[in-house]
file final_31.cif (mmCIF, C-alpha atoms and all ligand atoms; chains and numbers go by the auth columns)
data_start
#
loop_
_atom_site.group_PDB
_atom_site.id
_atom_site.type_symbol
_atom_site.label_atom_id
_atom_site.label_comp_id
_atom_site.label_asym_id
_atom_site.label_seq_id
_atom_site.Cartn_x
_atom_site.Cartn_y
_atom_site.Cartn_z
_atom_site.B_iso_or_equiv
_atom_site.auth_seq_id
_atom_site.auth_asym_id
ATOM 1 C CA MET A 1 145.422 144.267 49.531 0.00 1 A
ATOM 2 C CA ARG A 2 142.850 145.263 52.141 0.00 2 A
ATOM 3 C CA LYS A 3 140.026 147.579 51.234 0.00 3 A
ATOM 4 C CA LYS A 4 140.250 151.056 52.746 0.00 4 A
ATOM 5 C CA ILE A 5 136.814 152.144 53.930 0.00 5 A
ATOM 6 C CA VAL A 6 135.493 155.366 55.410 0.00 6 A
ATOM 7 C CA ALA A 7 131.891 154.929 56.544 0.00 7 A
ATOM 8 C CA GLY A 8 129.589 157.551 58.030 0.00 8 A
ATOM 9 C CA ASN A 9 127.215 156.309 60.723 0.00 9 A
ATOM 10 C CA TRP A 10 124.576 159.021 60.848 0.00 10 A
ATOM 11 C CA LYS A 11 122.867 157.359 63.848 0.00 11 A
ATOM 12 C CA MET A 12 119.384 158.819 64.582 0.00 12 A
ATOM 13 C CA ASN A 13 120.103 162.147 62.904 0.00 13 A
ATOM 14 C CA THR A 14 118.676 164.069 59.930 0.00 14 A
ATOM 15 C CA LEU A 15 115.162 164.163 58.555 0.00 15 A
ATOM 16 C CA PRO A 16 114.815 162.425 55.171 0.00 16 A
ATOM 17 C CA SER A 17 115.122 165.723 53.261 0.00 17 A
ATOM 18 C CA GLU A 18 118.221 166.695 55.243 0.00 18 A
ATOM 19 C CA GLY A 19 119.677 163.267 54.666 0.00 19 A
ATOM 20 C CA MET A 20 119.193 163.630 50.920 0.00 20 A
ATOM 21 C CA THR A 21 121.023 166.960 50.985 0.00 21 A
ATOM 22 C CA LEU A 22 123.880 165.444 52.976 0.00 22 A
ATOM 23 C CA ALA A 23 124.132 162.399 50.696 0.00 23 A
ATOM 24 C CA LYS A 24 124.079 164.616 47.589 0.00 24 A
ATOM 25 C CA ASP A 25 126.861 166.710 49.061 0.00 25 A
ATOM 26 C CA VAL A 26 128.982 163.643 49.877 0.00 26 A
ATOM 27 C CA ILE A 27 128.467 162.259 46.357 0.00 27 A
ATOM 28 C CA ALA A 28 129.302 165.617 44.783 0.00 28 A
ATOM 29 C CA LYS A 29 132.564 165.852 46.736 0.00 29 A
ATOM 30 C CA SER A 30 133.520 162.169 46.539 0.00 30 A
ATOM 31 C CA GLY A 31 135.813 162.820 43.570 0.00 31 A
ATOM 32 C CA GLN A 32 138.254 164.543 45.938 0.00 32 A
ATOM 33 C CA VAL A 33 138.966 161.232 47.670 0.00 33 A
ATOM 34 C CA ASN A 34 141.575 158.753 46.413 0.00 34 A
ATOM 35 C CA HIS A 35 139.973 156.049 44.345 0.00 35 A
ATOM 36 C CA ASP A 36 141.205 153.215 46.532 0.00 36 A
ATOM 37 C CA VAL A 37 139.077 154.460 49.437 0.00 37 A
ATOM 38 C CA GLU A 38 135.511 153.166 49.574 0.00 38 A
ATOM 39 C CA LEU A 39 132.984 155.698 50.868 0.00 39 A
ATOM 40 C CA VAL A 40 129.879 154.459 52.659 0.00 40 A
ATOM 41 C CA VAL A 41 126.956 156.478 54.015 0.00 41 A
ATOM 42 C CA ILE A 42 124.812 154.831 56.684 0.00 42 A
ATOM 43 C CA PRO A 43 121.589 156.803 57.194 0.00 43 A
ATOM 44 C CA PRO A 44 118.499 155.868 59.231 0.00 44 A
ATOM 45 C CA PHE A 45 116.158 153.220 57.731 0.00 45 A
ATOM 46 C CA THR A 46 113.609 155.809 56.606 0.00 46 A
ATOM 47 C CA HIS A 47 116.119 157.361 54.184 0.00 47 A
ATOM 48 C CA LEU A 48 117.565 154.212 52.680 0.00 48 A
ATOM 49 C CA SER A 49 115.338 153.731 49.679 0.00 49 A
ATOM 50 C CA GLU A 50 115.875 157.259 48.328 0.00 50 A
ATOM 51 C CA ILE A 51 119.567 157.392 49.152 0.00 51 A
ATOM 52 C CA VAL A 52 120.269 154.021 47.502 0.00 52 A
ATOM 53 C CA LYS A 53 118.677 155.411 44.315 0.00 53 A
ATOM 54 C CA LEU A 54 120.666 158.615 44.609 0.00 54 A
ATOM 55 C CA ALA A 55 123.955 156.791 45.131 0.00 55 A
ATOM 56 C CA SER A 56 123.379 154.217 42.405 0.00 56 A
ATOM 57 C CA GLY A 57 126.079 154.506 39.739 0.00 57 A
ATOM 58 C CA THR A 58 128.274 156.692 41.991 0.00 58 A
ATOM 59 C CA ARG A 59 131.277 155.595 44.045 0.00 59 A
ATOM 60 C CA VAL A 60 129.349 155.991 47.302 0.00 60 A
ATOM 61 C CA SER A 61 127.908 152.826 48.876 0.00 61 A
ATOM 62 C CA VAL A 62 125.007 152.696 51.295 0.00 62 A
ATOM 63 C CA GLY A 63 124.621 150.814 54.566 0.00 63 A
ATOM 64 C CA ALA A 64 121.993 150.326 57.275 0.00 64 A
ATOM 65 C CA GLN A 65 122.520 150.694 61.008 0.00 65 A
ATOM 66 C CA ASN A 66 121.009 147.396 62.139 0.00 66 A
ATOM 67 C CA CYS A 67 118.882 144.437 61.064 0.00 67 A
ATOM 68 C CA ALA A 68 116.790 141.816 62.820 0.00 68 A
ATOM 69 C CA GLN A 69 118.114 138.411 63.839 0.00 69 A
ATOM 70 C CA TRP A 70 115.038 136.739 62.349 0.00 70 A
ATOM 71 C CA LYS A 71 114.145 136.229 58.704 0.00 71 A
ATOM 72 C CA SER A 72 110.581 137.569 58.898 0.00 72 A
ATOM 73 C CA GLY A 73 107.461 137.320 61.004 0.00 73 A
ATOM 74 C CA ALA A 74 105.735 138.825 64.006 0.00 74 A
ATOM 75 C CA TYR A 75 108.512 141.106 65.241 0.00 75 A
ATOM 76 C CA THR A 76 106.866 144.510 65.432 0.00 76 A
ATOM 77 C CA GLY A 77 109.222 147.354 64.725 0.00 77 A
ATOM 78 C CA GLU A 78 112.027 145.256 63.267 0.00 78 A
ATOM 79 C CA VAL A 79 113.615 145.454 59.797 0.00 79 A
ATOM 80 C CA SER A 80 114.897 142.285 58.133 0.00 80 A
ATOM 81 C CA ALA A 81 118.121 141.750 56.241 0.00 81 A
ATOM 82 C CA SER A 82 116.161 140.691 53.150 0.00 82 A
ATOM 83 C CA MET A 83 114.260 144.007 53.196 0.00 83 A
ATOM 84 C CA LEU A 84 117.583 145.837 53.164 0.00 84 A
ATOM 85 C CA GLN A 85 118.905 143.572 50.420 0.00 85 A
ATOM 86 C CA SER A 86 115.851 144.238 48.286 0.00 86 A
ATOM 87 C CA LEU A 87 116.465 147.986 48.522 0.00 87 A
ATOM 88 C CA GLY A 88 120.016 147.560 47.263 0.00 88 A
ATOM 89 C CA VAL A 89 121.717 148.259 50.592 0.00 89 A
ATOM 90 C CA GLU A 90 125.267 146.893 50.678 0.00 90 A
ATOM 91 C CA TYR A 91 126.495 147.135 54.281 0.00 91 A
ATOM 92 C CA VAL A 92 124.900 146.755 57.710 0.00 92 A
ATOM 93 C CA ILE A 93 126.371 147.853 61.031 0.00 93 A
ATOM 94 C CA LEU A 94 125.907 145.133 63.640 0.00 94 A
ATOM 95 C CA GLY A 95 126.758 145.285 67.325 0.00 95 A
ATOM 96 C CA HIS A 96 127.259 149.011 67.661 0.00 96 A
ATOM 97 C CA SER A 97 127.918 149.807 71.325 0.00 97 A
ATOM 98 C CA GLU A 98 124.750 151.911 71.429 0.00 98 A
ATOM 99 C CA ARG A 99 122.726 148.848 70.393 0.00 99 A
ATOM 100 C CA ARG A 100 124.544 146.706 72.946 0.00 100 A
ATOM 101 C CA GLU A 101 123.990 149.315 75.669 0.00 101 A
ATOM 102 C CA TYR A 102 120.430 150.578 75.024 0.00 102 A
ATOM 103 C CA PHE A 103 118.897 147.531 73.362 0.00 103 A
ATOM 104 C CA GLY A 104 120.728 144.803 75.237 0.00 104 A
ATOM 105 C CA GLU A 105 122.223 143.146 72.164 0.00 105 A
ATOM 106 C CA THR A 106 124.377 140.190 73.118 0.00 106 A
ATOM 107 C CA ASN A 107 127.272 138.496 71.354 0.00 107 A
ATOM 108 C CA ALA A 108 125.082 135.430 70.699 0.00 108 A
ATOM 109 C CA GLU A 109 122.281 137.521 69.184 0.00 109 A
ATOM 110 C CA LEU A 110 124.817 139.356 67.032 0.00 110 A
ATOM 111 C CA LEU A 111 126.054 136.075 65.622 0.00 111 A
ATOM 112 C CA GLU A 112 122.491 135.366 64.457 0.00 112 A
ATOM 113 C CA LYS A 113 122.219 138.822 62.887 0.00 113 A
ATOM 114 C CA ILE A 114 125.563 138.386 61.138 0.00 114 A
ATOM 115 C CA LYS A 115 124.553 135.004 59.695 0.00 115 A
ATOM 116 C CA ILE A 116 121.255 136.334 58.379 0.00 116 A
ATOM 117 C CA ALA A 117 122.911 139.447 56.936 0.00 117 A
ATOM 118 C CA LEU A 118 125.473 137.278 55.135 0.00 118 A
ATOM 119 C CA ASP A 119 122.706 135.023 53.804 0.00 119 A
ATOM 120 C CA CYS A 120 121.180 138.162 52.281 0.00 120 A
ATOM 121 C CA LYS A 121 124.535 139.152 50.742 0.00 121 A
ATOM 122 C CA LEU A 122 124.904 142.163 53.034 0.00 122 A
ATOM 123 C CA LYS A 123 128.393 143.003 54.324 0.00 123 A
ATOM 124 C CA PRO A 124 128.276 143.292 58.115 0.00 124 A
ATOM 125 C CA ILE A 125 130.348 145.984 59.800 0.00 125 A
ATOM 126 C CA PHE A 126 130.795 144.242 63.139 0.00 126 A
ATOM 127 C CA CYS A 127 131.529 146.628 66.003 0.00 127 A
ATOM 128 C CA CYS A 128 133.538 145.702 69.053 0.00 128 A
ATOM 129 C CA GLY A 129 135.173 147.707 71.808 0.00 129 A
ATOM 130 C CA GLU A 130 135.581 148.122 75.530 0.00 130 A
ATOM 131 C CA LYS A 131 134.007 150.547 78.007 0.00 131 A
ATOM 132 C CA LEU A 132 136.060 153.001 80.040 0.00 132 A
ATOM 133 C CA ASN A 133 135.977 150.944 83.252 0.00 133 A
ATOM 134 C CA GLU A 134 137.112 147.885 81.310 0.00 134 A
ATOM 135 C CA ARG A 135 140.077 149.755 79.842 0.00 135 A
ATOM 136 C CA GLU A 136 140.962 151.214 83.224 0.00 136 A
ATOM 137 C CA ALA A 137 140.863 147.721 84.715 0.00 137 A
ATOM 138 C CA GLY A 138 143.196 146.517 81.951 0.00 138 A
ATOM 139 C CA GLU A 139 140.502 144.194 80.578 0.00 139 A
ATOM 140 C CA HIS A 140 140.193 145.740 77.104 0.00 140 A
ATOM 141 C CA PHE A 141 141.901 142.934 75.196 0.00 141 A
ATOM 142 C CA GLN A 142 139.891 140.295 77.025 0.00 142 A
ATOM 143 C CA VAL A 143 136.573 142.105 76.320 0.00 143 A
ATOM 144 C CA VAL A 144 137.267 142.532 72.618 0.00 144 A
ATOM 145 C CA GLN A 145 138.532 138.959 72.327 0.00 145 A
ATOM 146 C CA GLN A 146 135.291 137.647 73.815 0.00 146 A
ATOM 147 C CA GLN A 147 133.181 139.793 71.449 0.00 147 A
ATOM 148 C CA VAL A 148 135.136 138.564 68.428 0.00 148 A
ATOM 149 C CA GLU A 149 135.214 134.927 69.551 0.00 149 A
ATOM 150 C CA GLU A 150 131.522 134.698 70.392 0.00 150 A
ATOM 151 C CA SER A 151 130.095 136.650 67.442 0.00 151 A
ATOM 152 C CA LEU A 152 132.553 135.916 64.632 0.00 152 A
ATOM 153 C CA PHE A 153 134.463 132.697 65.294 0.00 153 A
ATOM 154 C CA PRO A 154 131.524 130.372 64.627 0.00 154 A
ATOM 155 C CA LEU A 155 131.676 131.655 61.004 0.00 155 A
ATOM 156 C CA ASP A 156 133.477 129.595 58.393 0.00 156 A
ATOM 157 C CA ASP A 157 136.400 130.813 56.272 0.00 157 A
ATOM 158 C CA SER A 158 134.336 132.037 53.353 0.00 158 A
ATOM 159 C CA SER A 159 131.924 133.953 55.608 0.00 159 A
ATOM 160 C CA ILE A 160 134.602 135.732 57.625 0.00 160 A
ATOM 161 C CA SER A 161 136.042 137.177 54.410 0.00 161 A
ATOM 162 C CA ASN A 162 132.838 139.167 53.924 0.00 162 A
ATOM 163 C CA ILE A 163 133.016 140.851 57.338 0.00 163 A
ATOM 164 C CA VAL A 164 134.346 144.308 58.106 0.00 164 A
ATOM 165 C CA ILE A 165 135.318 144.918 61.733 0.00 165 A
ATOM 166 C CA ALA A 166 135.091 148.285 63.481 0.00 166 A
ATOM 167 C CA TYR A 167 136.993 148.793 66.719 0.00 167 A
ATOM 168 C CA GLU A 168 135.102 151.433 68.644 0.00 168 A
ATOM 169 C CA PRO A 169 136.326 152.045 72.181 0.00 169 A
ATOM 170 C CA VAL A 170 133.107 153.073 73.912 0.00 170 A
ATOM 171 C CA TRP A 171 134.898 155.756 75.949 0.00 171 A
ATOM 172 C CA ALA A 172 135.850 157.514 72.699 0.00 172 A
ATOM 173 C CA ILE A 173 132.376 157.542 71.113 0.00 173 A
ATOM 174 C CA GLY A 174 130.760 160.953 71.018 0.00 174 A
ATOM 175 C CA THR A 175 133.032 162.131 73.816 0.00 175 A
ATOM 176 C CA GLY A 176 135.627 164.004 71.793 0.00 176 A
ATOM 177 C CA LYS A 177 138.207 161.665 73.372 0.00 177 A
ATOM 178 C CA THR A 178 140.075 159.659 70.764 0.00 178 A
ATOM 179 C CA ALA A 179 142.215 156.621 71.289 0.00 179 A
ATOM 180 C CA THR A 180 145.786 157.515 70.440 0.00 180 A
ATOM 181 C CA ALA A 181 146.969 156.198 67.111 0.00 181 A
ATOM 182 C CA GLU A 182 149.143 153.771 69.108 0.00 182 A
ATOM 183 C CA GLN A 183 146.193 152.499 71.159 0.00 183 A
ATOM 184 C CA ALA A 184 144.187 152.000 67.958 0.00 184 A
ATOM 185 C CA GLN A 185 147.063 150.202 66.234 0.00 185 A
ATOM 186 C CA GLU A 186 147.661 148.000 69.269 0.00 186 A
ATOM 187 C CA MET A 187 144.038 146.821 69.375 0.00 187 A
ATOM 188 C CA HIS A 188 143.728 146.450 65.592 0.00 188 A
ATOM 189 C CA ALA A 189 146.874 144.313 65.520 0.00 189 A
ATOM 190 C CA PHE A 190 145.485 142.261 68.428 0.00 190 A
ATOM 191 C CA ILE A 191 142.220 141.654 66.526 0.00 191 A
ATOM 192 C CA ARG A 192 144.084 140.760 63.348 0.00 192 A
ATOM 193 C CA ASN A 193 146.205 138.322 65.303 0.00 193 A
ATOM 194 C CA LEU A 194 143.076 136.660 66.727 0.00 194 A
ATOM 195 C CA LEU A 195 141.776 136.304 63.161 0.00 195 A
ATOM 196 C CA ALA A 196 145.119 134.936 61.966 0.00 196 A
ATOM 197 C CA ASN A 197 145.164 132.288 64.716 0.00 197 A
ATOM 198 C CA LYS A 198 141.664 131.178 63.819 0.00 198 A
ATOM 199 C CA TYR A 199 141.492 131.598 60.027 0.00 199 A
ATOM 200 C CA GLY A 200 145.143 131.821 58.973 0.00 200 A
ATOM 201 C CA GLU A 201 147.350 134.783 58.229 0.00 201 A
ATOM 202 C CA ALA A 202 146.361 135.129 54.579 0.00 202 A
ATOM 203 C CA THR A 203 142.664 135.504 55.442 0.00 203 A
ATOM 204 C CA ALA A 204 143.371 137.850 58.367 0.00 204 A
ATOM 205 C CA GLU A 205 145.348 140.086 56.021 0.00 205 A
ATOM 206 C CA THR A 206 142.285 140.616 53.812 0.00 206 A
ATOM 207 C CA ILE A 207 139.877 141.776 56.551 0.00 207 A
ATOM 208 C CA SER A 208 139.416 145.532 56.898 0.00 208 A
ATOM 209 C CA ILE A 209 139.477 146.810 60.473 0.00 209 A
ATOM 210 C CA LEU A 210 138.102 150.339 60.878 0.00 210 A
ATOM 211 C CA TYR A 211 138.607 152.672 63.810 0.00 211 A
ATOM 212 C CA GLY A 212 135.600 154.478 65.300 0.00 212 A
ATOM 213 C CA GLY A 213 135.431 156.954 68.150 0.00 213 A
ATOM 214 C CA SER A 214 135.659 160.721 67.695 0.00 214 A
ATOM 215 C CA CYS A 215 137.512 160.424 64.402 0.00 215 A
ATOM 216 C CA LYS A 216 137.853 163.930 62.948 0.00 216 A
ATOM 217 C CA PRO A 217 139.699 165.641 60.088 0.00 217 A
ATOM 218 C CA SER A 218 142.332 166.735 62.637 0.00 218 A
ATOM 219 C CA ASN A 219 143.225 163.244 63.907 0.00 219 A
ATOM 220 C CA ALA A 220 142.267 160.902 61.039 0.00 220 A
ATOM 221 C CA GLY A 221 145.607 161.240 59.218 0.00 221 A
ATOM 222 C CA GLU A 222 147.632 159.977 62.155 0.00 222 A
ATOM 223 C CA ILE A 223 145.236 157.149 62.981 0.00 223 A
ATOM 224 C CA PHE A 224 144.916 155.998 59.346 0.00 224 A
ATOM 225 C CA SER A 225 148.703 155.968 58.956 0.00 225 A
ATOM 226 C CA LYS A 226 148.934 152.929 61.239 0.00 226 A
ATOM 227 C CA PRO A 227 149.463 149.625 59.432 0.00 227 A
ATOM 228 C CA ASP A 228 146.455 147.767 60.841 0.00 228 A
ATOM 229 C CA VAL A 229 143.976 150.647 60.587 0.00 229 A
ATOM 230 C CA ASP A 230 142.071 150.322 57.318 0.00 230 A
ATOM 231 C CA GLY A 231 139.710 153.257 57.682 0.00 231 A
ATOM 232 C CA GLY A 232 137.096 154.679 59.979 0.00 232 A
ATOM 233 C CA LEU A 233 133.518 154.401 61.134 0.00 233 A
ATOM 234 C CA ILE A 234 132.648 158.035 61.676 0.00 234 A
ATOM 235 C CA GLY A 235 129.791 159.321 63.814 0.00 235 A
ATOM 236 C CA GLY A 236 129.321 163.037 64.452 0.00 236 A
ATOM 237 C CA ALA A 237 131.785 164.238 61.815 0.00 237 A
ATOM 238 C CA SER A 238 129.956 162.287 59.097 0.00 238 A
ATOM 239 C CA LEU A 239 126.993 164.670 59.421 0.00 239 A
ATOM 240 C CA VAL A 240 129.056 167.422 57.790 0.00 240 A
ATOM 241 C CA ALA A 241 129.969 166.465 54.213 0.00 241 A
ATOM 242 C CA ASP A 242 133.165 168.537 54.192 0.00 242 A
ATOM 243 C CA ASP A 243 134.407 166.907 57.404 0.00 243 A
ATOM 244 C CA PHE A 244 133.521 163.414 56.207 0.00 244 A
ATOM 245 C CA ILE A 245 135.321 163.998 52.921 0.00 245 A
ATOM 246 C CA ALA A 246 138.305 165.583 54.706 0.00 246 A
ATOM 247 C CA ILE A 247 138.586 162.467 56.890 0.00 247 A
ATOM 248 C CA ALA A 248 138.482 160.213 53.814 0.00 248 A
ATOM 249 C CA LYS A 249 141.159 162.364 52.166 0.00 249 A
ATOM 250 C CA SER A 250 143.446 161.736 55.159 0.00 250 A
ATOM 251 C CA PHE A 251 144.650 158.441 53.706 0.00 251 A
HETATM 252 P P1 LIG B . 131.655 159.641 66.992 0.00 301 A
HETATM 253 O O1 LIG B . 132.524 159.761 65.757 0.00 301 A
HETATM 254 O O2 LIG B . 130.566 160.651 67.051 0.00 301 A
HETATM 255 O O3 LIG B . 132.488 159.568 68.242 0.00 301 A
HETATM 256 O O4 LIG B . 130.911 158.221 66.873 0.00 301 A
HETATM 257 C C1 LIG B . 131.633 157.101 66.535 0.00 301 A
HETATM 258 C C2 LIG B . 130.687 156.000 66.232 0.00 301 A
HETATM 259 O O5 LIG B . 129.960 155.538 67.103 0.00 301 A
HETATM 260 C C3 LIG B . 130.606 155.518 64.856 0.00 301 A
HETATM 261 O O6 LIG B . 129.813 154.388 64.757 0.00 301 A
#
call {"tool": "encode", "arguments": {"input": "final_31.cif", "output": "structure tokens"}}
result
Amino acid sequence: MRKKIVAGNWKMNTLPSEGMTLAKDVIAKSGQVNHDVELVVIPPFTHLSEIVKLASGTRVSVGAQNCAQWKSGAYTGEVSASMLQSLGVEYVILGHSERREYFGETNAELLEKIKIALDCKLKPIFCCGEKLNEREAGEHFQVVQQQVEESLFPLDDSSISNIVIAYEPVWAIGTGKTATAEQAQEMHAFIRNLLANKYGEATAETISILYGGSCKPSNAGEIFSKPDVDGGLIGGASLVADDFIAIAKSF
């Protein structure tokens, strides 16, 4: 019932020519992955136009890593949701922990980005997750609940259905440390329960919740086997087509 999604967040990696090679490789190997798994590549802005053209007519979708919270105007250096829409981009990551940490993105600002992305028919991949000190203090549920409540709960029922959520424990991002499959399941079930309380069980059951944080071919199978884990948002391993495809084949 829920869409299974494996998305590769390339972050600030690859030159455009390298990105094209990587995208071509992912497309060429995408036939190895079960057809009920949606594959998404999420390159830097500079690559999007070419990669959207390359992926058109294939089973690989394309996403962006961010968008502005304003429609247009004097915001030097920003990229609007409508610009992404006009290129044919389908998804947009919003609220990645690196954006929260290095660019000071707040839950309130993310709500604005989500609304504008939805207006432009983009599908937001909303990231949430706790830092190491928050987990160690036992505050991880509270932190994630606040992120979800402040950035998603102002949305109405029809809007929430177009959101994908990624749980990315910050302590597991780029560290090689992965949440155990049980820790991932526990948090995914917690998030789904929050959604069920707010939007009803039927709606909560349709929302894909991806796991992100050092997901690799060696651990993806166990994590994806959990009932509330609907796929992954993959960082480092998505830069190697074979690894990305191997992760997607883990379902
Ligand atoms: P890594 O897979 O490199 O840990 O990154 C995860 C991530 O941040 C995906 O958005």
call {"tool": "residues_near_point", "arguments": {"input": "final_31.cif", "point": "(140.1, 164.9, 59.2)", "cutoff": "7 Å", "atoms": "all atoms listed in the file", "output": "ChimeraX atom specification"}}
result
/A:216-221,243,246-247,250
call {"tool": "write_last_selection", "arguments": {"input": "final_31.cif", "atoms": "C-alpha atoms", "output": "CSV table (one decimal), in the coordinates of the input"}}
result
chain,number,residue,atom,x,y,z
A,216,LYS,CA,137.9,163.9,62.9
A,217,PRO,CA,139.7,165.6,60.1
A,218,SER,CA,142.3,166.7,62.6
A,219,ASN,CA,143.2,163.2,63.9
A,220,ALA,CA,142.3,160.9,61.0
A,221,GLY,CA,145.6,161.2,59.2
A,243,ASP,CA,134.4,166.9,57.4
A,246,ALA,CA,138.3,165.6,54.7
A,247,ILE,CA,138.6,162.5,56.9
A,250,SER,CA,143.4,161.7,55.2
call {"tool": "residues_near_ligand", "arguments": {"input": "final_31.cif", "ligand": "ligand LIG 301 (chain A)", "cutoff": "7 Å", "atoms": "all atoms listed in the file", "output": "PyMOL selection string"}}
result
chain A and resi 9+96+168+172-176+212-215+233-237
call {"tool": "closest_residue", "arguments": {"input": "final_31.cif", "among": "A:Ile27, A:Leu195, A:Ile114, A:Ala189", "to": "A:Val148", "atoms": "all atoms listed in the file"}}
result
A:Leu195
call {"tool": "axis_aligned_box", "arguments": {"input": "final_31.cif", "around": "stretch 121-129 of chain A", "padding_each_side": "5 Å", "output": "lines of an AutoDock Vina configuration file"}}
result
center_x = 129.9
center_y = 143.4
center_z = 61.3
size_x = 20.6
size_y = 18.6
size_z = 31.1
call {"tool": "resolve_selection", "arguments": {"input": "final_31.cif", "expression": "the PyMOL selection byres (((chain A and resi 122-137) around 7) and not hetatm)", "output": "NGL selection string"}}
result
:A and (85 or 90-96 or 114 or 117-118 or 120-121 or 138-140 or 143-144 or 147 or 162-171)
call {"tool": "closest_residue", "arguments": {"input": "final_31.cif", "among": "A:Pro16, A:Glu222, A:Ile116, A:Pro154", "to": "A:Ser72", "atoms": "only C-alpha atoms"}}
result
A:Ile116
call {"tool": "closest_residue", "arguments": {"input": "final_31.cif", "among": "A:Gly200, A:Gly63, A:Pro227, A:Gly31", "to": "A:His188", "atoms": "all atoms listed in the file"}}
result
A:Pro227
call {"tool": "residues_around", "arguments": {"input": "final_31.cif", "residues": "A:Lys198", "least_positions_apart": "3", "cutoff": "12 Å", "atoms": "all atoms listed in the file", "output": "PyMOL selection string"}}
result
chain A and resi 145+148-149+152-157+160+191-195+201-204
call {"tool": "residues_near_point", "arguments": {"input": "final_31.cif", "point": "(127.0, 139.3, 70.1)", "cutoff": "8 Å", "atoms": "all atoms listed in the file", "output": "ChimeraX atom specification"}}
result
/A:95,105-111,147,150-151
call {"tool": "closest_residue", "arguments": {"input": "final_31.cif", "among": "A:Val240, A:Val60, A:Ala68, A:Ile51", "to": "A:Val33", "atoms": "only C-alpha atoms"}}
result
A:Val60
call {"tool": "closest_residue", "arguments": {"input": "final_31.cif", "among": "A:Thr46, A:Ser208, A:Thr58, A:Asn13", "to": "A:Ala28", "atoms": "only C-alpha atoms"}}
result
A:Thr58
call {"tool": "residues_around", "arguments": {"input": "final_31.cif", "residues": "A:Glu18", "least_positions_apart": "5", "cutoff": "10 Å", "atoms": "all atoms listed in the file", "output": "PyMOL selection string"}}
result
chain A and resi 13+23-24+47+239
call {"tool": "closest_residue", "arguments": {"input": "final_31.cif", "among": "A:Gly8, A:Gly231, A:Gly88, A:Gly104", "to": "A:Val26", "atoms": "only C-alpha atoms"}}
result
A:Gly8
call {"tool": "atom_distance", "arguments": {"input": "final_31.cif", "atom1": "atom CA of A:Ala184", "atom2": "atom CA of A:Gln142"}}
result
15.4 Å
call {"tool": "atom_distance", "arguments": {"input": "final_31.cif", "atom1": "atom CA of A:Tyr102", "atom2": "atom CA of A:Ser49"}}
result
26.0 Å
call {"tool": "resolve_selection", "arguments": {"input": "final_31.cif", "expression": "the PyMOL selection byres (((chain A and resi 12) around 10) and not hetatm)", "output": "PyMOL selection string"}}
result
chain A and resi 9-11+13-15+43-45+65
call {"tool": "write_last_selection", "arguments": {"input": "final_31.cif", "atoms": "C-alpha atoms", "output": "mmCIF file, in the coordinates of the input"}}
result
data_model
loop_
_atom_site.group_PDB
_atom_site.id
_atom_site.type_symbol
_atom_site.label_atom_id
_atom_site.label_comp_id
_atom_site.auth_asym_id
_atom_site.auth_seq_id
_atom_site.Cartn_x
_atom_site.Cartn_y
_atom_site.Cartn_z
ATOM 1 C CA ASN A 9 127.215 156.309 60.723
ATOM 2 C CA TRP A 10 124.576 159.021 60.848
ATOM 3 C CA LYS A 11 122.867 157.359 63.848
ATOM 4 C CA ASN A 13 120.103 162.147 62.904
ATOM 5 C CA THR A 14 118.676 164.069 59.930
ATOM 6 C CA LEU A 15 115.162 164.163 58.555
ATOM 7 C CA PRO A 43 121.589 156.803 57.194
ATOM 8 C CA PRO A 44 118.499 155.868 59.231
ATOM 9 C CA PHE A 45 116.158 153.220 57.731
ATOM 10 C CA GLN A 65 122.520 150.694 61.008
#
call {"tool": "residues_around", "arguments": {"input": "final_31.cif", "residues": "A:Ala248", "least_positions_apart": "6", "cutoff": "8 Å", "atoms": "all atoms listed in the file", "output": "list in words"}}
result
Val6, Val33, Val37 and Leu39 of chain A
call {"tool": "write_last_selection", "arguments": {"input": "final_31.cif", "atoms": "C-alpha atoms", "output": "mmCIF file, in the frame of the given file"}}
result
data_model
loop_
_atom_site.group_PDB
_atom_site.id
_atom_site.type_symbol
_atom_site.label_atom_id
_atom_site.label_comp_id
_atom_site.auth_asym_id
_atom_site.auth_seq_id
_atom_site.Cartn_x
_atom_site.Cartn_y
_atom_site.Cartn_z
ATOM 1 C CA VAL A 6 135.493 155.366 55.410
ATOM 2 C CA VAL A 33 138.966 161.232 47.670
ATOM 3 C CA VAL A 37 139.077 154.460 49.437
ATOM 4 C CA LEU A 39 132.984 155.698 50.868
#
call {"tool": "residues_around", "arguments": {"input": "final_31.cif", "residues": "A:Cys67", "least_positions_apart": "3", "cutoff": "6 Å", "atoms": "all atoms listed in the file", "output": "MDAnalysis selection string"}}
result
chainID A and resid 79:81
call {"tool": "write_last_selection", "arguments": {"input": "final_31.cif", "atoms": "C-alpha atoms", "output": "mmCIF file, keeping the file's coordinate frame"}}
result
data_model
loop_
_atom_site.group_PDB
_atom_site.id
_atom_site.type_symbol
_atom_site.label_atom_id
_atom_site.label_comp_id
_atom_site.auth_asym_id
_atom_site.auth_seq_id
_atom_site.Cartn_x
_atom_site.Cartn_y
_atom_site.Cartn_z
ATOM 1 C CA VAL A 79 113.615 145.454 59.797
ATOM 2 C CA SER A 80 114.897 142.285 58.133
ATOM 3 C CA ALA A 81 118.121 141.750 56.241
#
call {"tool": "atom_distance", "arguments": {"input": "final_31.cif", "atom1": "atom CA of A:Thr206", "atom2": "atom CA of A:Val229"}}
result
12.2 Å
